[in-house]
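For reference, upload.pdb is printed below; it contains PDB, C-alpha atoms.
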MODEL        1
ATOM      1  CA  MET A   9     -19.995 -11.503 -39.746
ATOM      2  CA  ILE A  10     -19.428 -11.818 -35.985
ATOM      3  CA  SER A  11     -21.335 -14.569 -34.204
ATOM      4  CA  THR A  12     -23.485 -13.884 -31.181
ATOM      5  CA  ILE A  13     -20.863 -15.622 -29.035
ATOM      6  CA  GLY A  14     -18.230 -13.258 -30.438
ATOM      7  CA  MET A  15     -20.456 -10.271 -29.672
ATOM      8  CA  GLY A  16     -20.880 -11.477 -26.103
ATOM      9  CA  TRP A  17     -17.142 -11.834 -25.649
ATOM     10  CA  ARG A  18     -16.567  -8.328 -27.005
ATOM     11  CA  ARG A  19     -19.089  -6.902 -24.563
ATOM     12  CA  LEU A  20     -17.226  -8.579 -21.695
ATOM     13  CA  ALA A  21     -13.836  -7.148 -22.708
ATOM     14  CA  PRO A  22     -13.969  -4.259 -20.200
ATOM     15  CA  VAL A  23     -14.825  -6.678 -17.384
ATOM     16  CA  PHE A  24     -11.958  -8.969 -18.405
ATOM     17  CA  LEU A  25      -9.665  -5.915 -18.360
ATOM     18  CA  SER A  26     -10.664  -5.395 -14.717
ATOM     19  CA  VAL A  27     -10.149  -9.095 -13.966
ATOM     20  CA  LEU A  28      -6.669  -8.951 -15.541
ATOM     21  CA  ARG A  29      -5.817  -5.936 -13.351
ATOM     22  CA  ILE A  30      -7.220  -7.494 -10.157
ATOM     23  CA  VAL A  31      -5.570 -10.906 -10.541
ATOM     24  CA  THR A  32      -2.215  -9.459 -11.632
ATOM     25  CA  ALA A  33      -2.261  -6.921  -8.794
ATOM     26  CA  PHE A  34      -3.080  -9.656  -6.270
ATOM     27  CA  VAL A  35      -0.057 -11.671  -7.391
ATOM     28  CA  PHE A  36       2.161  -8.562  -7.580
ATOM     29  CA  LEU A  37       1.115  -7.401  -4.105
ATOM     30  CA  GLN A  38       2.397 -10.689  -2.683
ATOM     31  CA  TYR A  39       5.934  -9.910  -3.874
ATOM     32  CA  GLY A  40       5.889  -6.686  -1.860
ATOM     33  CA  THR A  41       4.297  -8.157   1.274
ATOM     34  CA  ALA A  42       6.661 -11.142   1.174
ATOM     35  CA  LYS A  43       9.674  -8.795   1.105
ATOM     36  CA  LEU A  44       8.315  -6.424   3.758
ATOM     37  CA  PHE A  45       6.405  -8.693   6.145
ATOM     38  CA  GLY A  46       7.183 -12.283   5.148
ATOM     39  CA  LEU A  47       3.568 -12.767   4.004
ATOM     40  CA  PRO A  48       2.592 -15.199   2.586
ATOM     41  CA  GLY A  49       6.212 -16.253   3.216
ATOM     42  CA  PRO A  50       9.688 -14.717   3.046
ATOM     43  CA  ILE A  51      11.291 -14.722  -0.414
ATOM     44  CA  LEU A  52      14.559 -12.874   0.158
ATOM     45  CA  PRO A  53      17.763 -14.908  -0.221
ATOM     46  CA  ASN A  54      18.457 -14.843   3.544
ATOM     47  CA  GLY A  55      14.948 -16.109   4.269
ATOM     48  CA  GLY A  56      13.927 -12.944   6.070
ATOM     49  CA  THR A  57      12.354  -9.608   5.287
ATOM     50  CA  VAL A  58      13.760  -6.199   4.397
ATOM     51  CA  PRO A  59      15.315  -4.782   7.591
ATOM     52  CA  LEU A  60      14.138  -1.306   8.639
ATOM     53  CA  SER A  61      17.688  -0.040   8.132
ATOM     54  CA  GLN A  62      17.419  -0.993   4.444
ATOM     55  CA  LEU A  63      13.891   0.294   3.834
ATOM     56  CA  PHE A  64      15.207   2.988   1.499
ATOM     57  CA  SER A  65      17.655   0.699  -0.289
ATOM     58  CA  GLN A  66      16.945  -0.672  -3.764
ATOM     59  CA  ILE A  67      15.206  -3.791  -2.398
ATOM     60  CA  GLY A  68      13.339  -1.791   0.248
ATOM     61  CA  LEU A  69      11.999   0.728  -2.260
ATOM     62  CA  ALA A  70      11.034  -2.093  -4.611
ATOM     63  CA  ALA A  71       9.155  -3.842  -1.788
ATOM     64  CA  MET A  72       7.294  -0.639  -0.848
ATOM     65  CA  LEU A  73       6.397   0.054  -4.496
ATOM     66  CA  GLU A  74       5.174  -3.505  -4.964
ATOM     67  CA  ALA A  75       3.089  -3.517  -1.773
ATOM     68  CA  ALA A  76       1.588  -0.027  -2.082
ATOM     69  CA  GLY A  77       1.293  -0.098  -5.873
ATOM     70  CA  GLY A  78      -0.131  -3.615  -5.832
ATOM     71  CA  LEU A  79      -2.784  -2.569  -3.323
ATOM     72  CA  LEU A  80      -3.718   0.558  -5.322
ATOM     73  CA  LEU A  81      -4.002  -1.472  -8.526
ATOM     74  CA  LEU A  82      -5.958  -4.213  -6.763
ATOM     75  CA  ILE A  83      -8.694  -1.719  -5.882
ATOM     76  CA  GLY A  84      -8.181   0.309  -9.065
ATOM     77  CA  LEU A  85      -7.242   3.651  -7.526
ATOM     78  CA  PHE A  86      -4.942   6.039  -9.456
ATOM     79  CA  SER A  87      -4.506   3.099 -11.816
ATOM     80  CA  ARG A  88      -2.907   4.734 -14.841
ATOM     81  CA  PRO A  89      -0.041   6.591 -13.110
ATOM     82  CA  VAL A  90       0.574   3.746 -10.646
ATOM     83  CA  ALA A  91       0.659   1.172 -13.460
ATOM     84  CA  PHE A  92       3.076   3.351 -15.440
ATOM     85  CA  LEU A  93       5.376   3.730 -12.417
ATOM     86  CA  LEU A  94       5.304  -0.008 -11.690
ATOM     87  CA  SER A  95       5.954  -0.826 -15.348
ATOM     88  CA  GLY A  96       9.157   1.176 -15.097
ATOM     89  CA  GLU A  97      10.067  -0.466 -11.809
ATOM     90  CA  MET A  98       9.705  -3.917 -13.359
ATOM     91  CA  ALA A  99      11.735  -2.940 -16.445
ATOM     92  CA  PHE A 100      14.424  -1.619 -14.104
ATOM     93  CA  ALA A 101      14.260  -4.848 -12.047
ATOM     94  CA  TYR A 102      14.667  -6.946 -15.183
ATOM     95  CA  PHE A 103      17.645  -5.070 -16.593
ATOM     96  CA  ILE A 104      19.418  -4.666 -13.240
ATOM     97  CA  GLY A 105      18.642  -8.009 -11.622
ATOM     98  CA  HIS A 106      17.911 -10.524 -14.366
ATOM     99  CA  ALA A 107      19.447  -9.574 -17.721
ATOM    100  CA  PRO A 108      23.032  -9.708 -16.350
ATOM    101  CA  GLN A 109      22.392 -13.400 -15.535
ATOM    102  CA  GLY A 110      21.953 -14.260 -19.228
ATOM    103  CA  PHE A 111      19.937 -13.465 -22.343
ATOM    104  CA  TRP A 112      17.038 -15.910 -21.994
ATOM    105  CA  PRO A 113      14.343 -14.744 -19.529
ATOM    106  CA  VAL A 114      13.287 -18.300 -18.687
ATOM    107  CA  LEU A 115      16.867 -19.049 -17.630
ATOM    108  CA  ASN A 116      17.626 -15.762 -15.832
ATOM    109  CA  GLN A 117      14.345 -15.963 -13.822
ATOM    110  CA  GLY A 118      13.146 -12.696 -15.395
ATOM    111  CA  VAL A 119       9.801 -13.844 -16.813
ATOM    112  CA  PRO A 120       7.670 -12.384 -13.980
ATOM    113  CA  ALA A 121       9.426  -8.997 -14.260
ATOM    114  CA  ILE A 122       8.876  -8.873 -18.031
ATOM    115  CA  LEU A 123       5.223  -9.904 -17.797
ATOM    116  CA  PHE A 124       4.493  -7.467 -14.963
ATOM    117  CA  SER A 125       6.234  -4.668 -16.861
ATOM    118  CA  PHE A 126       4.186  -5.146 -20.011
ATOM    119  CA  ILE A 127       0.883  -5.783 -18.246
ATOM    120  CA  TRP A 128       1.343  -2.586 -16.202
ATOM    121  CA  LEU A 129       2.326  -0.684 -19.342
ATOM    122  CA  TYR A 130      -0.822  -1.903 -21.086
ATOM    123  CA  LEU A 131      -3.015  -0.976 -18.106
ATOM    124  CA  SER A 132      -1.438   2.477 -17.941
ATOM    125  CA  ALA A 133      -2.815   3.050 -21.453
ATOM    126  CA  ALA A 134      -6.034   0.996 -21.308
ATOM    127  CA  GLY A 135      -7.122   2.061 -17.825
ATOM    128  CA  PRO A 136      -8.398  -0.064 -14.958
ATOM    129  CA  GLY A 137     -11.704  -1.234 -16.422
ATOM    130  CA  PRO A 138     -15.189  -0.795 -14.954
ATOM    131  CA  LEU A 139     -14.589  -2.718 -11.711
ATOM    132  CA  SER A 140     -12.399  -0.090 -10.057
ATOM    133  CA  VAL A 141     -12.462   2.839  -7.679
ATOM    134  CA  ASP A 142     -11.320   5.018 -10.584
ATOM    135  CA  ALA A 143     -14.467   4.067 -12.534
ATOM    136  CA  LEU A 144     -16.653   4.836  -9.506
ATOM    137  CA  ARG A 145     -14.981   8.213  -9.084
ATOM    138  CA  ALA A 146     -15.452   9.016 -12.779
ATOM    139  CA  HIS A 147     -19.203   8.279 -12.570
ATOM    140  CA  ARG A 148     -19.642  10.540  -9.547
ATOM    141  CA  ARG A 149     -17.851  13.487 -11.132
ATOM    142  CA  PRO A 150     -20.218  15.909 -12.865
ATOM    143  CA  ALA A 151     -19.656  16.282 -16.590
ATOM    144  CA  PRO A 152     -17.874  19.541 -17.440
ATOM    145  CA  THR A 153     -19.974  22.178 -19.139
ATOM    146  CA  ILE A 154     -18.865  24.798 -21.622
ATOM    147  CA  ALA A 155     -19.704  27.553 -19.141
ATOM    148  CA  SER A 156     -17.371  25.986 -16.529
ATOM    149  CA  HIS A 157     -14.408  25.878 -18.928
ATOM    150  CA  PRO A 158     -11.726  28.402 -17.900
ATOM    151  CA  ASN A 159     -11.535  29.866 -21.430
ATOM    152  CA  ALA A 160     -15.288  30.358 -21.724
ATOM    153  CA  ALA A 161     -16.299  33.965 -22.259
TER     154      ALA A 161
ENDMDL
END
Please express the file's structure as structure tokens.
Amino acid sequence: MISTIGMGWRRLAPVFLSVLRIVTAFVFLQYGTAKLFGLPGPILPNGGTVPLSQLFSQIGLAAMLEAAGGLLLLIGLFSRPVAFLLSGEMAFAYFIGHAPQGFWPVLNQGVPAILFSFIWLYLSAAGPGPLSVDALRAHRRPAPTIASHPNAA
């Protein structure tokens, strides 16, 4: 038998899903803005930002994905496809940038990439939760009727 506390926690699960998305996206967004604009501070090895001439390089594309994708996930817009794309980006980042430095993620500095990859993969399947633009858009859309189905006679 589930206690009343357990029932309350279960009811809050969708809200916690949204909180997970919002907090993770806020942190993720900072990686992109730090690379592109130096906000909240520069994190590139040279202490600067991605030069315009390298905007379409590997680091430039990663920065744009992290900034734009982080912002979309922060507000919960197009969450599933964006999360899936970013999950792949983080897997790519881990195997290209971190795994060659050694097996152990804690030693090769790959822990954030792994965690982001799996959180985004989970959100691509679970959805953004109720506190999202996607949820607002879903509530405003009229429910499809049988008569509006293209195969209806």
Exercise. How far is it from CA of Gly40 in chain A to CA of Pro136 in chain A, in Å with one decimal?
Worked result: 20.5 Å
Problem set entry | Residue nearest Val35 in chain A - candidates A:Val23, A:Ala91, A:Gly68, A:Gly78, atoms counted: all atoms listed in the file | A:Gly78
Problem set entry | Point-to-point distance from CA of Met98 in chain A to CA of Pro138 in chain A, Å rounded to tenths |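 Those two atoms sit 25.1 Å apart.
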Exercise. Which is closer to Leu129 in chain A than all the others in A:Arg29, A:Lys43, A:Gly105, A:His147, using only C-alpha atoms?
Worked result: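 Checking each of A:Arg29, A:Lys43, A:Gly105, A:His147 against Leu129 in chain A, counting only C-alpha atoms, the winner is A:Arg29.
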Problem set entry | Distance criterion (only C-alpha atoms): nearest to Ala121 in chain A out of A:Phe24, A:Phe92, A:Phe36, A:Phe86 |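 Looking only at the distances to Ala121 in chain A, the closest residue turns out to be A:Phe36.
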Exercise. Could you state the separation of CA of Gly16 in chain A and CA of Gly137 in chain A in Å, given to one decimal place?
Worked result: 16.8 Å
For this session: Carefully work through the PyMOL selection byres ((chain A and resi 125) around 9) for this structure and note down the residues it includes, as a PyMOL selection string.
Result: chain A and resi 91-92+94-99+102+120-124+126-130
Convert the current residue selection to file output with C-alpha atoms, as an mmCIF file, keeping the file's coordinate frame.
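Final output, saved to part_20.cif:
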data_model
loop_
_atom_site.group_PDB
_atom_site.id
_atom_site.type_symbol
_atom_site.label_atom_id
_atom_site.label_comp_id
_atom_site.auth_asym_id
_atom_site.auth_seq_id
_atom_site.Cartn_x
_atom_site.Cartn_y
_atom_site.Cartn_z
ATOM 1 C CA ALA A 91 0.659 1.172 -13.460
ATOM 2 C CA PHE A 92 3.076 3.351 -15.440
ATOM 3 C CA LEU A 94 5.304 -0.008 -11.690
ATOM 4 C CA SER A 95 5.954 -0.826 -15.348
ATOM 5 C CA GLY A 96 9.157 1.176 -15.097
ATOM 6 C CA GLU A 97 10.067 -0.466 -11.809
ATOM 7 C CA MET A 98 9.705 -3.917 -13.359
ATOM 8 C CA ALA A 99 11.735 -2.940 -16.445
ATOM 9 C CA TYR A 102 14.667 -6.946 -15.183
ATOM 10 C CA PRO A 120 7.670 -12.384 -13.980
ATOM 11 C CA ALA A 121 9.426 -8.997 -14.260
ATOM 12 C CA ILE A 122 8.876 -8.873 -18.031
ATOM 13 C CA LEU A 123 5.223 -9.904 -17.797
ATOM 14 C CA PHE A 124 4.493 -7.467 -14.963
ATOM 15 C CA PHE A 126 4.186 -5.146 -20.011
ATOM 16 C CA ILE A 127 0.883 -5.783 -18.246
ATOM 17 C CA TRP A 128 1.343 -2.586 -16.202
ATOM 18 C CA LEU A 129 2.326 -0.684 -19.342
ATOM 19 C CA TYR A 130 -0.822 -1.903 -21.086
#
Exercise. Near Asn116 in chain A, counting only C-alpha atoms, which residues have an atom at most 12 Å away, once you skip same-chain residues fewer than 2 positions from it, shown as a PyMOL selection string?
Worked result: chain A and resi 102-114+118-122
Problem set entry | Proximity to Ser87 in chain A - best of A:Gln66, A:Ala143, A:Leu37, A:Ala42, all atoms listed in the file | A:Ala143
For this session: Quick one: everything within 12 Å of Pro59 in chain A, counting all atoms listed in the file, minus sequence neighbours fewer than 5 positions away in the same chain. Send it as a ChimeraX atom specification.
Result: /A:43-46,52,54,64-65,67-69,71
For this session: Starting from the shown file, work through the PyMOL selection byres ((chain A and resi 141) around 7) and note down what comes out as a list of chain:residue names.
Result: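 What the PyMOL selection byres ((chain A and resi 141) around 7) grabs from the file is A:Ile83, A:Gly84, A:Leu85, A:Ser140, A:Asp142, A:Ala143, A:Leu144, A:Arg145.
Here the question is which of A:Leu60, A:Ala101, A:Ala146, A:Ile51 gets nearest to Leu73 in chain A using only C-alpha atoms, and that residue is A:Ala101.
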